[in-house]
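Participant: For reference, the structure I am asking about is given below.
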Amino acid sequence: MSIHVDSVSKRFNHFVALQDVSLAIPEGQLVALLGPSGSGKTTLLRIIAGLESPDAGEVRIHGDAKPSIHTQRKVGFVFQHYALFSHLSVFENVAFGLRVRPRRERPSKAEIAARVQKVLAMVHLDWAGHRMPDQLSGGQRQRIALARALAIEPEVLLLDEPFGALDAQVRAELRQWLRRLHEQTGLTSVFVTHDQEEAMEVADRIVVLHQGRIEQDGTPQEVYEKPATPFIYQFIGQVNRFRGRIRDGAFQVGETSVSLAGPTPEEGARVEGYLRPHELDLAVDLSPGALPATITRIQSLGPLARVRLSAAHDQSDLEAHLSADELGQLSLAVGQRIFVKPRRLDLFPDTS
Ligand code: ADP
Ligand code: MG
C-alpha cells in the first residue's frame, strides 16, 4: 500500500511539532525518517498510524482518507521501547493483535496458531513461543515486537526507533536483518531513527526532519553527497566548514583566495563553504587555493586514514580522509604544518 501525507501540520499548545509536511511513499518502499530528538518523527509516525490526528492536512493509505477505524488494522506499529506484555508468553504476545479483533474479523484458534508460528519463523524465533519475554535477550524481544506487528498482516509497517534501546552490536545485526525481512515481505515501511548510519544502511530513501519540517528527501547517496542545507551537512556524516567572504569573485578564507566553480554569491557576502572529508586534499607544498593547517591526529582505519587538522587562520577543526596509499606517500606526522585544498565547496550564506 502506498502512503500519502499531504500538508500535515501539528501543534502541541503553542509548540509547532510538524509544519506543512508532505510525503508520498510508493508501495514497497522502506523509508527512514531521520532527525534529531524533538524534530517531530514520532508525531509524524503516529499521525500516519492514525493514533494522532493532524491539525491540518491529511494522510491517505492507498487512497483511503484517515483516520478511520477500518484502516487501523492495515498498520503494524513497533514502538520505541519494546512493549511486550511481561505476563504473557511470546506466543500470546504475538497473538494479541489477532485476539482483540472484532469477533467477525477474528481468525479461528487454529488460524491464529498457524499465523503466529509463521511470523515467529519470519523473525527466526519459531522456537521461542513458550518462553516468557524476560527469558529472551533485548534483540530477541524486539524481534518479537516485530512479529506481533506482522501477525495482523499489515499493509504498512511503521517502526519507531525499534533498535534504540539495544547495544551497538545487536543494533548492527538487527539492521541487516530488518533489511532482509523487508526484501522478503515487500511491505511499505517507515522506519524512524535519529542515527544517520542506521538510516543509510537500512533505507531505500531518507527523509530528514528538522524542527518539524522536511529538510531533505532523497536516496542515502543523495543525502550524503548533495546535502541541501548546512544542517544536513552537519547531521549526516562528517563535514569541513570554512568561513569567509566573497572577494574579487573568489572565496577569501583567512589570507587564502579559493577560486570557485559555478555561480558566485555577490561581492562582499559572508559565506560558509562545506565539503566532506574525502573532498579535502592534503599537500606538503603551497599552491594557489591551499590553506595552511597543522596536523593534530592521524588515525589509520585499515584501507582508510583519517587525518585531523587545525586550520591556521581560525584554529577550526578539519578532517581529511585519505587512502592508506596516499597516507604512505605523504609521510605525515602529528604537529606538522601542511596545506589543505578543498576539491569542491558548497556555499551557504553565513547566518551566524
Ligand atoms: P521525535 O520523535 O523526533 O523525538 P516527537 O515527535 O516525539 O519528536 O516530538 C516533537 C516535539 O513535540 C517535541 O518537542 C515534544 O516535546 C513535542 N510533543 C510531542 N508529543 C507531545 C504531546 N503529546 N504534548 C506536548 N508536546 C508534545
Ligand atoms: Mg521519537
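Ordered as shown in the C-alpha cells, chains take letters A, B, and onward, while each chain numbers its residues from 1 and ligands are numbered from 1 in the order shown.
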Using only C-alpha atoms and all ligand atoms, find each protein or nucleic acid residue lying at most 6 Å from ligand 1; present the set as an NGL selection string.

Facilitator: :A and (12 or 17 or 37-43)

Participant: If you run DSSP on the backbone, which residues of region 106-161 of chain A are helix (DSSP H, G or I), as a ChimeraX atom specification?

Facilitator: /A:109-122,133-135,138-151

Participant: Residues at most 12 Å from ligand 2, using only C-alpha atoms and all ligand atoms? Could they come as a count of residues only?

Facilitator: 29

Participant: Hey, which of A:Ile112, A:Val271, A:Val21, A:Leu150 ends up closest to Ile48 (chain A)? Count only C-alpha atoms.

Facilitator: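 Nearest to Ile48 (chain A): A:Val21.
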
Participant: Please return, as a PyMOL selection string, all residues of region 138-346 of chain A that DSSP assigns to strand (DSSP E or B) on the basis of the backbone.

Facilitator: chain A and resi 156-160+188-193+205-210+213-218+240-247+250-253+256-258+270-275+280-283+291-301+304-311+317-323+337-342+346

Participant: Any idea what the distance is between CA of Leu301 (chain A) and CA of Phe231 (chain A)?

Facilitator: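 So the answer is 27.0 Å.
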
Participant: Do you know which residues are at most 8 Å from Glu153 (chain A) counting only C-alpha atoms, after dropping those on the same chain fewer than 2 positions away, and could you put them as a PyMOL selection string?

Facilitator: chain A and resi 74+76+149-151+155

Participant: Looking at only C-alpha atoms, which of A:Lys341, A:His87, A:His210, A:Arg270 is the one that sits closest to Met132 (chain A)?

Facilitator: A:His87
